[in-house]
Amino acid sequence: MKHAESSQDMQAMQRTQNVNYMESKQHPERWVTSEGTLDEQQIAGRQLLYQGMNGRHVERFTARSGQTYIFKPLTNPAQHGRERWMYKHVMPQLPPVYPQLIAASDQTAAPERSWMIYEDMGQLQHQSCESAMLRAAAHMAEWHALPFAAAWHELPRVGHKPPIRDMLDELQQHQSATDELLSKLHLTLSAADWDRLTMLILTAEDELPLVLCHGDLHPGNVAEAVDRLIILDWEHAHLNTPLWDVYHLLDLSHPLFPRPMTPGLRARVMKVYLDKLESLGVQVERGSFAKWYDAYAIVFSLWMLHLIDGDLKNPDCVWPQGQLRNQWHETAAALEQCMKHLNGH
C-alpha cells in the first residue's frame, strides 16, 4: 500500500512538473522585466515571502494560467551563479528533495538583474521534528557520498561563515572574552582542553575528505510539504568536510526557526547519517567521528555565541531581541551537551 501511494505521489509530482515545464517554455520572459523584477502587467498576483541580505525579496507569484511559482532574485551578491551551477551539475544526481528549477535569467545578466523561478511547493512546514531531521540526515549522506567530479573544482572551499580553523584561532586570540563567555555558562576550558580541541579539529580537517556541502542546512532550509521533504537554498554550496553540514543540521541555531536539541536526538540523527554513508560504501570510524564532531560543535557554538552577542548589542540588527536571546540559549545548550559528551558524561 505504501509503495502504491509513493508511486502515485511521484506520478502527481511528475504531472505538475510537466505542466510547469510546458508553461515555463512559453512564458518566462514575459514574467520578468529586463531589470530582473516581476512584471506586474504579466502576472495575476504576487506575495512577498522573505527579504534577502541585499534587500531583494523572494516572492510567490501567480501566472495568468493560475499556476503559482516562486521568484527568487539574487539575494546574496557573493553567491552569484552558485545555485544555477548546482542545478546543472549536482541536482540530476540527487533524489527530488529540492524545488524544480523552472526558468532562469540569461547567464550574462548582471548580478543585480539575475533571477531564478522555481516550482511552488505550497505551504512549507519548518518544524524540525525528529522525522524530518532523520530524513534530512539520510539525504545529506547521499550528497556527501557523491564521487568527486571534475567540475567541482569550480566550487569554493569556504562557506558563508569562516572556516572552522579560523573560528578556533579567533576564539583563542580573544581568550579573555571567550573565558568570560564560558564563565557566564558556568563552564571552563583549561589549557589542556584547548590543546585537545585543537588537536581534534586539526585531525578532523586532515583525515576527513572534502565533500560537497549544502553549506547552509539550518532549520529554515529543511521543510516538509505534504509527505515530501524539501531542502531549499543551495546558493551556499561549497567543498568542506562533512562536519560543516552535520553541524548545521544538528546544532546550528536560527532566530526564526527554533530547534531544541537533546543528546538522544543528536545521537539518533547521527546514527542515521553514518548508517546511510556506510550503505553507500563510505566507511567511517564512528568513535573518532563522534569526538571530531563534539570538538567541531564546541568551537562553532562558542563562535556563534560571540556572533549572537554582537547582534544583541547592535541596535540596527534585523532580528528581534527575544528571538536572538532564544537563539543564544539554544546555542549554549548545544555547547554544554557536546562538552559533556566529549568528556564522557
# chains A, B, ... in the order shown; residues from 1 in each chain; ligands from 1
>>> residues_around(residues="range 97-103 of chain A", least_positions_apart="5", cutoff="6 Å", atoms="only C-alpha atoms", output="list in words")
Met116, Ile117, Tyr118, Glu119, Leu229, Ile230 and Ile231 of chain A
>>> write_last_selection(atoms="all heavy atoms", output="PDB file, in the first residue's frame")
ATOM      1  N   MET A 116      15.893  33.513 -10.671  1.00  0.00           N
ATOM      2  CA  MET A 116      15.512  32.131 -10.925  1.00  0.00           C
ATOM      3  C   MET A 116      14.047  31.971 -10.547  1.00  0.00           C
ATOM      4  O   MET A 116      13.554  32.651  -9.633  1.00  0.00           O
ATOM      5  CB  MET A 116      16.396  31.162 -10.121  1.00  0.00           C
ATOM      6  CG  MET A 116      17.888  31.343 -10.380  1.00  0.00           C
ATOM      7  SD  MET A 116      18.944  30.306  -9.347  1.00  0.00           S
ATOM      8  CE  MET A 116      18.915  28.784 -10.280  1.00  0.00           C
ATOM      9  N   ILE A 117      13.359  31.089 -11.253  1.00  0.00           N
ATOM     10  CA  ILE A 117      11.968  30.786 -10.955  1.00  0.00           C
ATOM     11  C   ILE A 117      11.859  29.291 -10.654  1.00  0.00           C
ATOM     12  O   ILE A 117      12.327  28.460 -11.441  1.00  0.00           O
ATOM     13  CB  ILE A 117      11.037  31.184 -12.118  1.00  0.00           C
ATOM     14  CG1 ILE A 117      10.999  32.709 -12.250  1.00  0.00           C
ATOM     15  CG2 ILE A 117       9.633  30.634 -11.896  1.00  0.00           C
ATOM     16  CD1 ILE A 117      10.212  33.200 -13.445  1.00  0.00           C
ATOM     17  N   TYR A 118      11.237  28.970  -9.523  1.00  0.00           N
ATOM     18  CA  TYR A 118      11.103  27.590  -9.072  1.00  0.00           C
ATOM     19  C   TYR A 118       9.633  27.178  -9.031  1.00  0.00           C
ATOM     20  O   TYR A 118       8.739  28.030  -8.938  1.00  0.00           O
ATOM     21  CB  TYR A 118      11.671  27.429  -7.658  1.00  0.00           C
ATOM     22  CG  TYR A 118      13.153  27.665  -7.565  1.00  0.00           C
ATOM     23  CD1 TYR A 118      13.657  28.888  -7.133  1.00  0.00           C
ATOM     24  CD2 TYR A 118      14.046  26.662  -7.897  1.00  0.00           C
ATOM     25  CE1 TYR A 118      15.018  29.110  -7.046  1.00  0.00           C
ATOM     26  CE2 TYR A 118      15.416  26.873  -7.801  1.00  0.00           C
ATOM     27  CZ  TYR A 118      15.891  28.095  -7.380  1.00  0.00           C
ATOM     28  OH  TYR A 118      17.238  28.308  -7.301  1.00  0.00           O
ATOM     29  N   GLU A 119       9.434  25.875  -9.049  1.00  0.00           N
ATOM     30  CA  GLU A 119       8.082  25.383  -8.798  1.00  0.00           C
ATOM     31  C   GLU A 119       7.667  25.799  -7.389  1.00  0.00           C
ATOM     32  O   GLU A 119       8.494  25.947  -6.489  1.00  0.00           O
ATOM     33  CB  GLU A 119       8.018  23.864  -8.925  1.00  0.00           C
ATOM     34  CG  GLU A 119       8.796  23.106  -7.855  1.00  0.00           C
ATOM     35  CD  GLU A 119       8.542  21.608  -7.881  1.00  0.00           C
ATOM     36  OE1 GLU A 119       7.357  21.204  -7.937  1.00  0.00           O
ATOM     37  OE2 GLU A 119       9.514  20.843  -7.831  1.00  0.00           O
ATOM     38  N   LEU A 229       9.929  15.685   1.794  1.00  0.00           N
ATOM     39  CA  LEU A 229      10.961  16.510   2.407  1.00  0.00           C
ATOM     40  C   LEU A 229      11.554  17.431   1.349  1.00  0.00           C
ATOM     41  O   LEU A 229      11.848  17.006   0.234  1.00  0.00           O
ATOM     42  CB  LEU A 229      12.071  15.634   2.999  1.00  0.00           C
ATOM     43  CG  LEU A 229      13.174  16.408   3.740  1.00  0.00           C
ATOM     44  CD1 LEU A 229      12.679  16.852   5.107  1.00  0.00           C
ATOM     45  CD2 LEU A 229      14.432  15.550   3.882  1.00  0.00           C
ATOM     46  N   ILE A 230      11.735  18.696   1.710  1.00  0.00           N
ATOM     47  CA  ILE A 230      12.283  19.686   0.786  1.00  0.00           C
ATOM     48  C   ILE A 230      13.514  20.312   1.413  1.00  0.00           C
ATOM     49  O   ILE A 230      13.494  20.719   2.584  1.00  0.00           O
ATOM     50  CB  ILE A 230      11.253  20.800   0.484  1.00  0.00           C
ATOM     51  CG1 ILE A 230       9.908  20.209   0.052  1.00  0.00           C
ATOM     52  CG2 ILE A 230      11.801  21.757  -0.570  1.00  0.00           C
ATOM     53  CD1 ILE A 230       9.976  19.412  -1.223  1.00  0.00           C
ATOM     54  N   ILE A 231      14.590  20.386   0.648  1.00  0.00           N
ATOM     55  CA  ILE A 231      15.804  21.067   1.092  1.00  0.00           C
ATOM     56  C   ILE A 231      16.027  22.247   0.159  1.00  0.00           C
ATOM     57  O   ILE A 231      16.199  22.078  -1.053  1.00  0.00           O
ATOM     58  CB  ILE A 231      16.997  20.106   1.125  1.00  0.00           C
ATOM     59  CG1 ILE A 231      16.712  19.000   2.155  1.00  0.00           C
ATOM     60  CG2 ILE A 231      18.284  20.851   1.482  1.00  0.00           C
ATOM     61  CD1 ILE A 231      17.760  17.926   2.249  1.00  0.00           C
TER      62      ILE A 231
END
>>> residues_around(residues="range 286-297 of chain A", least_positions_apart="5", cutoff="6 Å", atoms="only C-alpha atoms", output="PDB file with all heavy atoms, in the first residue's frame")
ATOM      1  N   LEU A 197      41.012  20.225  21.955  1.00  0.00           N
ATOM      2  CA  LEU A 197      40.114  20.705  20.910  1.00  0.00           C
ATOM      3  C   LEU A 197      40.883  21.002  19.628  1.00  0.00           C
ATOM      4  O   LEU A 197      40.456  20.639  18.530  1.00  0.00           O
ATOM      5  CB  LEU A 197      39.378  21.967  21.368  1.00  0.00           C
ATOM      6  CG  LEU A 197      38.293  21.798  22.423  1.00  0.00           C
ATOM      7  CD1 LEU A 197      37.748  23.165  22.840  1.00  0.00           C
ATOM      8  CD2 LEU A 197      37.158  20.914  21.906  1.00  0.00           C
ATOM      9  N   LEU A 200      41.908  17.762  17.921  1.00  0.00           N
ATOM     10  CA  LEU A 200      40.780  17.087  17.285  1.00  0.00           C
ATOM     11  C   LEU A 200      40.326  17.823  16.022  1.00  0.00           C
ATOM     12  O   LEU A 200      40.037  17.196  14.994  1.00  0.00           O
ATOM     13  CB  LEU A 200      39.609  16.978  18.268  1.00  0.00           C
ATOM     14  CG  LEU A 200      39.796  15.966  19.407  1.00  0.00           C
ATOM     15  CD1 LEU A 200      38.699  16.122  20.451  1.00  0.00           C
ATOM     16  CD2 LEU A 200      39.798  14.537  18.863  1.00  0.00           C
ATOM     17  N   ALA A 204      40.632  16.165  12.357  1.00  0.00           N
ATOM     18  CA  ALA A 204      39.436  16.002  11.537  1.00  0.00           C
ATOM     19  C   ALA A 204      39.604  16.657  10.172  1.00  0.00           C
ATOM     20  O   ALA A 204      39.234  16.079   9.138  1.00  0.00           O
ATOM     21  CB  ALA A 204      38.228  16.601  12.253  1.00  0.00           C
ATOM     22  N   CYS A 338      27.611  19.071  24.038  1.00  0.00           N
ATOM     23  CA  CYS A 338      28.747  18.493  23.320  1.00  0.00           C
ATOM     24  C   CYS A 338      29.996  18.455  24.191  1.00  0.00           C
ATOM     25  O   CYS A 338      30.816  17.532  24.063  1.00  0.00           O
ATOM     26  CB  CYS A 338      29.005  19.283  22.031  1.00  0.00           C
ATOM     27  SG  CYS A 338      27.710  19.025  20.784  1.00  0.00           S
ATOM     28  N   LEU A 342      31.859  14.942  24.938  1.00  0.00           N
ATOM     29  CA  LEU A 342      33.279  14.754  24.665  1.00  0.00           C
ATOM     30  C   LEU A 342      34.020  14.271  25.892  1.00  0.00           C
ATOM     31  O   LEU A 342      34.975  13.488  25.782  1.00  0.00           O
ATOM     32  CB  LEU A 342      33.884  16.073  24.161  1.00  0.00           C
ATOM     33  CG  LEU A 342      35.373  16.035  23.776  1.00  0.00           C
ATOM     34  CD1 LEU A 342      35.624  15.026  22.647  1.00  0.00           C
ATOM     35  CD2 LEU A 342      35.856  17.420  23.372  1.00  0.00           C
TER      36      LEU A 342
END
>>> residues_around(residues="range 253-259 of chain A", least_positions_apart="4", cutoff="10 Å", atoms="only C-alpha atoms", output="list in words")
His126, Gln127, Ser128, Cys129, His218, Pro219, Gly220, Asn221, Tyr247, His248, Leu249, Ser301, Met304, Ile308, Trp319, Pro320, Gln321, Gly322, Gln323, Leu324, Arg325, Asn326, Gln327, Trp328, His329, Glu330, Thr331, Ala332 and Ala334 of chain A
>>> residues_around(residues="range 186-191 of chain A", least_positions_apart="3", cutoff="12 Å", atoms="only C-alpha atoms", output="PDB file with all heavy atoms, in the first residue's frame")
ATOM      1  N   LEU A 171      38.770  32.501  18.547  1.00  0.00           N
ATOM      2  CA  LEU A 171      38.421  32.277  19.948  1.00  0.00           C
ATOM      3  C   LEU A 171      39.659  32.342  20.840  1.00  0.00           C
ATOM      4  O   LEU A 171      39.627  32.912  21.942  1.00  0.00           O
ATOM      5  CB  LEU A 171      37.736  30.925  20.112  1.00  0.00           C
ATOM      6  CG  LEU A 171      36.340  30.775  19.495  1.00  0.00           C
ATOM      7  CD1 LEU A 171      35.883  29.319  19.565  1.00  0.00           C
ATOM      8  CD2 LEU A 171      35.330  31.678  20.197  1.00  0.00           C
ATOM      9  N   GLN A 172      40.761  31.764  20.373  1.00  0.00           N
ATOM     10  CA  GLN A 172      41.980  31.746  21.181  1.00  0.00           C
ATOM     11  C   GLN A 172      42.675  33.100  21.208  1.00  0.00           C
ATOM     12  O   GLN A 172      43.325  33.453  22.196  1.00  0.00           O
ATOM     13  CB  GLN A 172      42.913  30.661  20.653  1.00  0.00           C
ATOM     14  CG  GLN A 172      42.364  29.252  20.869  1.00  0.00           C
ATOM     15  CD  GLN A 172      43.263  28.166  20.319  1.00  0.00           C
ATOM     16  OE1 GLN A 172      43.814  28.292  19.222  1.00  0.00           O
ATOM     17  NE2 GLN A 172      43.412  27.071  21.052  1.00  0.00           N
ATOM     18  N   GLN A 175      41.018  35.247  24.080  1.00  0.00           N
ATOM     19  CA  GLN A 175      40.842  34.262  25.139  1.00  0.00           C
ATOM     20  C   GLN A 175      40.061  34.817  26.324  1.00  0.00           C
ATOM     21  O   GLN A 175      39.210  34.132  26.904  1.00  0.00           O
ATOM     22  CB  GLN A 175      42.197  33.761  25.613  1.00  0.00           C
ATOM     23  CG  GLN A 175      42.142  32.547  26.541  1.00  0.00           C
ATOM     24  CD  GLN A 175      41.755  31.268  25.815  1.00  0.00           C
ATOM     25  OE1 GLN A 175      42.381  30.903  24.832  1.00  0.00           O
ATOM     26  NE2 GLN A 175      40.717  30.586  26.293  1.00  0.00           N
ATOM     27  N   SER A 176      40.315  36.060  26.698  1.00  0.00           N
ATOM     28  CA  SER A 176      39.635  36.615  27.868  1.00  0.00           C
ATOM     29  C   SER A 176      38.135  36.728  27.622  1.00  0.00           C
ATOM     30  O   SER A 176      37.324  36.414  28.511  1.00  0.00           O
ATOM     31  CB  SER A 176      40.222  37.983  28.231  1.00  0.00           C
ATOM     32  OG  SER A 176      40.080  38.892  27.140  1.00  0.00           O
ATOM     33  N   THR A 178      36.426  34.902  25.538  1.00  0.00           N
ATOM     34  CA  THR A 178      35.895  33.533  25.477  1.00  0.00           C
ATOM     35  C   THR A 178      35.739  32.960  26.878  1.00  0.00           C
ATOM     36  O   THR A 178      34.735  32.317  27.190  1.00  0.00           O
ATOM     37  CB  THR A 178      36.831  32.646  24.638  1.00  0.00           C
ATOM     38  OG1 THR A 178      36.960  33.205  23.326  1.00  0.00           O
ATOM     39  CG2 THR A 178      36.286  31.238  24.528  1.00  0.00           C
ATOM     40  N   ASP A 179      36.736  33.201  27.737  1.00  0.00           N
ATOM     41  CA  ASP A 179      36.646  32.725  29.121  1.00  0.00           C
ATOM     42  C   ASP A 179      35.479  33.381  29.851  1.00  0.00           C
ATOM     43  O   ASP A 179      34.789  32.734  30.657  1.00  0.00           O
ATOM     44  CB  ASP A 179      37.949  33.014  29.863  1.00  0.00           C
ATOM     45  CG  ASP A 179      39.099  32.125  29.401  1.00  0.00           C
ATOM     46  OD1 ASP A 179      38.826  31.089  28.772  1.00  0.00           O
ATOM     47  OD2 ASP A 179      40.270  32.485  29.648  1.00  0.00           O
ATOM     48  N   GLU A 180      35.259  34.662  29.591  1.00  0.00           N
ATOM     49  CA  GLU A 180      34.145  35.370  30.221  1.00  0.00           C
ATOM     50  C   GLU A 180      32.803  34.766  29.776  1.00  0.00           C
ATOM     51  O   GLU A 180      31.889  34.588  30.582  1.00  0.00           O
ATOM     52  CB  GLU A 180      34.194  36.849  29.854  1.00  0.00           C
ATOM     53  CG  GLU A 180      33.099  37.686  30.496  1.00  0.00           C
ATOM     54  CD  GLU A 180      33.194  39.153  30.117  1.00  0.00           C
ATOM     55  OE1 GLU A 180      34.231  39.560  29.554  1.00  0.00           O
ATOM     56  OE2 GLU A 180      32.214  39.892  30.375  1.00  0.00           O
ATOM     57  N   LEU A 181      32.715  34.435  28.498  1.00  0.00           N
ATOM     58  CA  LEU A 181      31.504  33.814  27.976  1.00  0.00           C
ATOM     59  C   LEU A 181      31.274  32.450  28.632  1.00  0.00           C
ATOM     60  O   LEU A 181      30.160  32.127  29.065  1.00  0.00           O
ATOM     61  CB  LEU A 181      31.617  33.666  26.455  1.00  0.00           C
ATOM     62  CG  LEU A 181      30.510  32.896  25.736  1.00  0.00           C
ATOM     63  CD1 LEU A 181      29.148  33.526  25.986  1.00  0.00           C
ATOM     64  CD2 LEU A 181      30.792  32.828  24.238  1.00  0.00           C
ATOM     65  N   LEU A 182      32.316  31.646  28.712  1.00  0.00           N
ATOM     66  CA  LEU A 182      32.202  30.337  29.350  1.00  0.00           C
ATOM     67  C   LEU A 182      31.805  30.470  30.816  1.00  0.00           C
ATOM     68  O   LEU A 182      31.002  29.678  31.329  1.00  0.00           O
ATOM     69  CB  LEU A 182      33.521  29.578  29.234  1.00  0.00           C
ATOM     70  CG  LEU A 182      33.860  29.031  27.841  1.00  0.00           C
ATOM     71  CD1 LEU A 182      35.329  28.636  27.756  1.00  0.00           C
ATOM     72  CD2 LEU A 182      32.973  27.835  27.506  1.00  0.00           C
ATOM     73  N   SER A 183      32.349  31.483  31.490  1.00  0.00           N
ATOM     74  CA  SER A 183      32.028  31.696  32.902  1.00  0.00           C
ATOM     75  C   SER A 183      30.546  31.990  33.092  1.00  0.00           C
ATOM     76  O   SER A 183      29.928  31.531  34.064  1.00  0.00           O
ATOM     77  CB  SER A 183      32.877  32.841  33.452  1.00  0.00           C
ATOM     78  OG  SER A 183      32.573  33.083  34.814  1.00  0.00           O
ATOM     79  N   TRP A 194      41.895  23.134  25.593  1.00  0.00           N
ATOM     80  CA  TRP A 194      42.081  23.832  24.320  1.00  0.00           C
ATOM     81  C   TRP A 194      43.045  23.071  23.417  1.00  0.00           C
ATOM     82  O   TRP A 194      42.853  22.992  22.203  1.00  0.00           O
ATOM     83  CB  TRP A 194      42.586  25.255  24.553  1.00  0.00           C
ATOM     84  CG  TRP A 194      41.495  26.217  24.925  1.00  0.00           C
ATOM     85  CD1 TRP A 194      41.265  26.781  26.149  1.00  0.00           C
ATOM     86  CD2 TRP A 194      40.458  26.711  24.072  1.00  0.00           C
ATOM     87  NE1 TRP A 194      40.161  27.590  26.112  1.00  0.00           N
ATOM     88  CE2 TRP A 194      39.647  27.578  24.846  1.00  0.00           C
ATOM     89  CE3 TRP A 194      40.128  26.511  22.730  1.00  0.00           C
ATOM     90  CZ2 TRP A 194      38.539  28.242  24.326  1.00  0.00           C
ATOM     91  CZ3 TRP A 194      39.031  27.175  22.205  1.00  0.00           C
ATOM     92  CH2 TRP A 194      38.248  28.018  22.985  1.00  0.00           C
ATOM     93  N   ASP A 195      44.086  22.504  24.023  1.00  0.00           N
ATOM     94  CA  ASP A 195      45.026  21.693  23.230  1.00  0.00           C
ATOM     95  C   ASP A 195      44.313  20.493  22.617  1.00  0.00           C
ATOM     96  O   ASP A 195      44.548  20.137  21.448  1.00  0.00           O
ATOM     97  CB  ASP A 195      46.180  21.205  24.115  1.00  0.00           C
ATOM     98  CG  ASP A 195      47.148  22.327  24.474  1.00  0.00           C
ATOM     99  OD1 ASP A 195      47.109  23.383  23.808  1.00  0.00           O
ATOM    100  OD2 ASP A 195      47.932  22.143  25.422  1.00  0.00           O
ATOM    101  N   ARG A 196      43.420  19.880  23.388  1.00  0.00           N
ATOM    102  CA  ARG A 196      42.685  18.722  22.890  1.00  0.00           C
ATOM    103  C   ARG A 196      41.734  19.132  21.765  1.00  0.00           C
ATOM    104  O   ARG A 196      41.656  18.446  20.735  1.00  0.00           O
ATOM    105  CB  ARG A 196      41.903  18.078  24.031  1.00  0.00           C
ATOM    106  CG  ARG A 196      41.204  16.785  23.634  1.00  0.00           C
ATOM    107  CD  ARG A 196      40.326  16.271  24.764  1.00  0.00           C
ATOM    108  NE  ARG A 196      39.733  14.977  24.443  1.00  0.00           N
ATOM    109  CZ  ARG A 196      38.699  14.454  25.093  1.00  0.00           C
ATOM    110  NH1 ARG A 196      38.145  15.118  26.108  1.00  0.00           N
ATOM    111  NH2 ARG A 196      38.219  13.265  24.755  1.00  0.00           N
ATOM    112  N   LEU A 197      41.012  20.225  21.955  1.00  0.00           N
ATOM    113  CA  LEU A 197      40.114  20.705  20.910  1.00  0.00           C
ATOM    114  C   LEU A 197      40.883  21.002  19.628  1.00  0.00           C
ATOM    115  O   LEU A 197      40.456  20.639  18.530  1.00  0.00           O
ATOM    116  CB  LEU A 197      39.378  21.967  21.368  1.00  0.00           C
ATOM    117  CG  LEU A 197      38.293  21.798  22.423  1.00  0.00           C
ATOM    118  CD1 LEU A 197      37.748  23.165  22.840  1.00  0.00           C
ATOM    119  CD2 LEU A 197      37.158  20.914  21.906  1.00  0.00           C
ATOM    120  N   THR A 198      42.011  21.666  19.783  1.00  0.00           N
ATOM    121  CA  THR A 198      42.833  21.999  18.614  1.00  0.00           C
ATOM    122  C   THR A 198      43.290  20.743  17.893  1.00  0.00           C
ATOM    123  O   THR A 198      43.212  20.655  16.658  1.00  0.00           O
ATOM    124  CB  THR A 198      44.047  22.839  19.045  1.00  0.00           C
ATOM    125  OG1 THR A 198      43.592  24.045  19.676  1.00  0.00           O
ATOM    126  CG2 THR A 198      44.916  23.190  17.849  1.00  0.00           C
ATOM    127  N   ALA A 295      34.178  18.268  19.170  1.00  0.00           N
ATOM    128  CA  ALA A 295      35.133  19.382  19.163  1.00  0.00           C
ATOM    129  C   ALA A 295      34.681  20.459  18.182  1.00  0.00           C
ATOM    130  O   ALA A 295      34.732  21.662  18.487  1.00  0.00           O
ATOM    131  CB  ALA A 295      36.524  18.868  18.799  1.00  0.00           C
ATOM    132  N   ILE A 298      31.706  22.347  19.616  1.00  0.00           N
ATOM    133  CA  ILE A 298      32.104  23.232  20.718  1.00  0.00           C
ATOM    134  C   ILE A 298      32.670  24.531  20.164  1.00  0.00           C
ATOM    135  O   ILE A 298      32.289  25.635  20.575  1.00  0.00           O
ATOM    136  CB  ILE A 298      33.123  22.523  21.630  1.00  0.00           C
ATOM    137  CG1 ILE A 298      32.445  21.403  22.410  1.00  0.00           C
ATOM    138  CG2 ILE A 298      33.784  23.518  22.593  1.00  0.00           C
ATOM    139  CD1 ILE A 298      33.408  20.441  23.084  1.00  0.00           C
ATOM    140  N   VAL A 299      33.585  24.424  19.221  1.00  0.00           N
ATOM    141  CA  VAL A 299      34.215  25.615  18.647  1.00  0.00           C
ATOM    142  C   VAL A 299      33.192  26.443  17.872  1.00  0.00           C
ATOM    143  O   VAL A 299      33.113  27.672  18.038  1.00  0.00           O
ATOM    144  CB  VAL A 299      35.400  25.202  17.737  1.00  0.00           C
ATOM    145  CG1 VAL A 299      35.911  26.393  16.929  1.00  0.00           C
ATOM    146  CG2 VAL A 299      36.522  24.608  18.581  1.00  0.00           C
ATOM    147  N   LEU A 302      30.703  28.155  20.316  1.00  0.00           N
ATOM    148  CA  LEU A 302      31.326  29.299  21.003  1.00  0.00           C
ATOM    149  C   LEU A 302      31.423  30.495  20.070  1.00  0.00           C
ATOM    150  O   LEU A 302      31.132  31.638  20.454  1.00  0.00           O
ATOM    151  CB  LEU A 302      32.715  28.909  21.512  1.00  0.00           C
ATOM    152  CG  LEU A 302      32.783  28.230  22.872  1.00  0.00           C
ATOM    153  CD1 LEU A 302      34.192  27.696  23.121  1.00  0.00           C
ATOM    154  CD2 LEU A 302      32.382  29.199  23.987  1.00  0.00           C
ATOM    155  N   ALA A 332      23.865  27.796  23.455  1.00  0.00           N
ATOM    156  CA  ALA A 332      24.559  27.481  24.709  1.00  0.00           C
ATOM    157  C   ALA A 332      24.260  26.056  25.153  1.00  0.00           C
ATOM    158  O   ALA A 332      25.157  25.345  25.654  1.00  0.00           O
ATOM    159  CB  ALA A 332      24.147  28.477  25.797  1.00  0.00           C
ATOM    160  N   ALA A 333      23.022  25.604  24.950  1.00  0.00           N
ATOM    161  CA  ALA A 333      22.667  24.231  25.324  1.00  0.00           C
ATOM    162  C   ALA A 333      23.428  23.225  24.474  1.00  0.00           C
ATOM    163  O   ALA A 333      23.917  22.198  24.978  1.00  0.00           O
ATOM    164  CB  ALA A 333      21.159  24.022  25.173  1.00  0.00           C
ATOM    165  N   LEU A 335      26.335  23.708  23.079  1.00  0.00           N
ATOM    166  CA  LEU A 335      27.721  23.756  23.556  1.00  0.00           C
ATOM    167  C   LEU A 335      27.899  22.885  24.793  1.00  0.00           C
ATOM    168  O   LEU A 335      28.819  22.051  24.861  1.00  0.00           O
ATOM    169  CB  LEU A 335      28.096  25.212  23.864  1.00  0.00           C
ATOM    170  CG  LEU A 335      29.397  25.435  24.631  1.00  0.00           C
ATOM    171  CD1 LEU A 335      30.600  25.013  23.804  1.00  0.00           C
ATOM    172  CD2 LEU A 335      29.521  26.904  25.054  1.00  0.00           C
ATOM    173  N   GLU A 336      27.034  23.057  25.768  1.00  0.00           N
ATOM    174  CA  GLU A 336      27.161  22.302  27.016  1.00  0.00           C
ATOM    175  C   GLU A 336      27.002  20.806  26.778  1.00  0.00           C
ATOM    176  O   GLU A 336      27.755  19.988  27.325  1.00  0.00           O
ATOM    177  CB  GLU A 336      26.119  22.797  28.028  1.00  0.00           C
ATOM    178  CG  GLU A 336      26.225  22.113  29.375  1.00  0.00           C
ATOM    179  CD  GLU A 336      25.267  22.695  30.407  1.00  0.00           C
ATOM    180  OE1 GLU A 336      24.447  23.547  30.015  1.00  0.00           O
ATOM    181  OE2 GLU A 336      25.344  22.279  31.578  1.00  0.00           O
ATOM    182  N   GLN A 337      26.038  20.419  25.951  1.00  0.00           N
ATOM    183  CA  GLN A 337      25.808  18.997  25.680  1.00  0.00           C
ATOM    184  C   GLN A 337      27.012  18.358  24.992  1.00  0.00           C
ATOM    185  O   GLN A 337      27.409  17.239  25.341  1.00  0.00           O
ATOM    186  CB  GLN A 337      24.554  18.831  24.821  1.00  0.00           C
ATOM    187  CG  GLN A 337      23.263  19.146  25.540  1.00  0.00           C
ATOM    188  CD  GLN A 337      22.066  19.208  24.609  1.00  0.00           C
ATOM    189  OE1 GLN A 337      22.123  18.698  23.483  1.00  0.00           O
ATOM    190  NE2 GLN A 337      20.986  19.839  25.034  1.00  0.00           N
ATOM    191  N   MET A 339      30.143  19.424  25.087  1.00  0.00           N
ATOM    192  CA  MET A 339      31.270  19.373  26.032  1.00  0.00           C
ATOM    193  C   MET A 339      31.130  18.167  26.963  1.00  0.00           C
ATOM    194  O   MET A 339      32.105  17.444  27.202  1.00  0.00           O
ATOM    195  CB  MET A 339      31.329  20.670  26.841  1.00  0.00           C
ATOM    196  CG  MET A 339      31.880  21.862  26.047  1.00  0.00           C
ATOM    197  SD  MET A 339      31.985  23.395  27.025  1.00  0.00           S
ATOM    198  CE  MET A 339      33.214  22.953  28.265  1.00  0.00           C
ATOM    199  N   LYS A 340      29.923  17.930  27.455  1.00  0.00           N
ATOM    200  CA  LYS A 340      29.706  16.774  28.334  1.00  0.00           C
ATOM    201  C   LYS A 340      29.946  15.458  27.589  1.00  0.00           C
ATOM    202  O   LYS A 340      30.543  14.529  28.109  1.00  0.00           O
ATOM    203  CB  LYS A 340      28.284  16.812  28.893  1.00  0.00           C
ATOM    204  CG  LYS A 340      28.072  17.880  29.956  1.00  0.00           C
ATOM    205  CD  LYS A 340      26.645  17.814  30.509  1.00  0.00           C
ATOM    206  CE  LYS A 340      26.461  18.832  31.630  1.00  0.00           C
ATOM    207  NZ  LYS A 340      25.068  18.789  32.172  1.00  0.00           N
ATOM    208  N   ASN A 343      33.572  14.716  27.058  1.00  0.00           N
ATOM    209  CA  ASN A 343      34.229  14.323  28.306  1.00  0.00           C
ATOM    210  C   ASN A 343      33.658  13.028  28.903  1.00  0.00           C
ATOM    211  O   ASN A 343      34.007  12.660  30.010  1.00  0.00           O
ATOM    212  CB  ASN A 343      34.116  15.451  29.330  1.00  0.00           C
ATOM    213  CG  ASN A 343      34.934  16.663  28.930  1.00  0.00           C
ATOM    214  OD1 ASN A 343      36.022  16.532  28.370  1.00  0.00           O
ATOM    215  ND2 ASN A 343      34.413  17.864  29.187  1.00  0.00           N
TER     216      ASN A 343
END
>>> select_by_dssp(residues="range 176-296 of chain A", states="helix (DSSP H, G or I)", output="MDAnalysis selection string")
chainID A and resid 176:184 191:207 219:221 242:250 263:279 286:296
>>> closest_atom_pairs(of="range 21-136 of chain A", to="range 235-244 of chain A", cutoff="9 Å", atoms="only C-alpha atoms", output="tab-separated table")
residue	atom	partner	partner_atom	distance
A:Asn76	CA	A:Glu235	CA	8.5
A:Gln79	CA	A:Glu235	CA	5.9
A:His80	CA	A:Glu235	CA	8.0
A:Gly81	CA	A:Glu235	CA	7.9
A:Arg82	CA	A:Glu235	CA	5.1
A:Glu83	CA	A:Glu235	CA	4.4
A:Arg84	CA	A:Glu235	CA	8.1
A:Trp85	CA	A:Glu235	CA	8.9
A:Met86	CA	A:Ala237	CA	7.7
>>> write_last_selection(atoms="C-alpha atoms", output="compact mmCIF listing (two decimals), in the first residue's frame")
# COMPACT_ATOMS: atom_id res chain seq x y z
CA ASN A 76 23.35 37.45 -1.68
CA GLN A 79 26.77 33.71 -4.25
CA HIS A 80 26.06 34.83 -7.82
CA GLY A 81 25.66 31.81 -10.11
CA ARG A 82 26.18 29.20 -7.37
CA GLU A 83 22.63 27.86 -7.22
CA ARG A 84 22.35 27.69 -11.01
CA TRP A 85 25.64 25.75 -11.03
CA MET A 86 24.22 23.28 -8.52
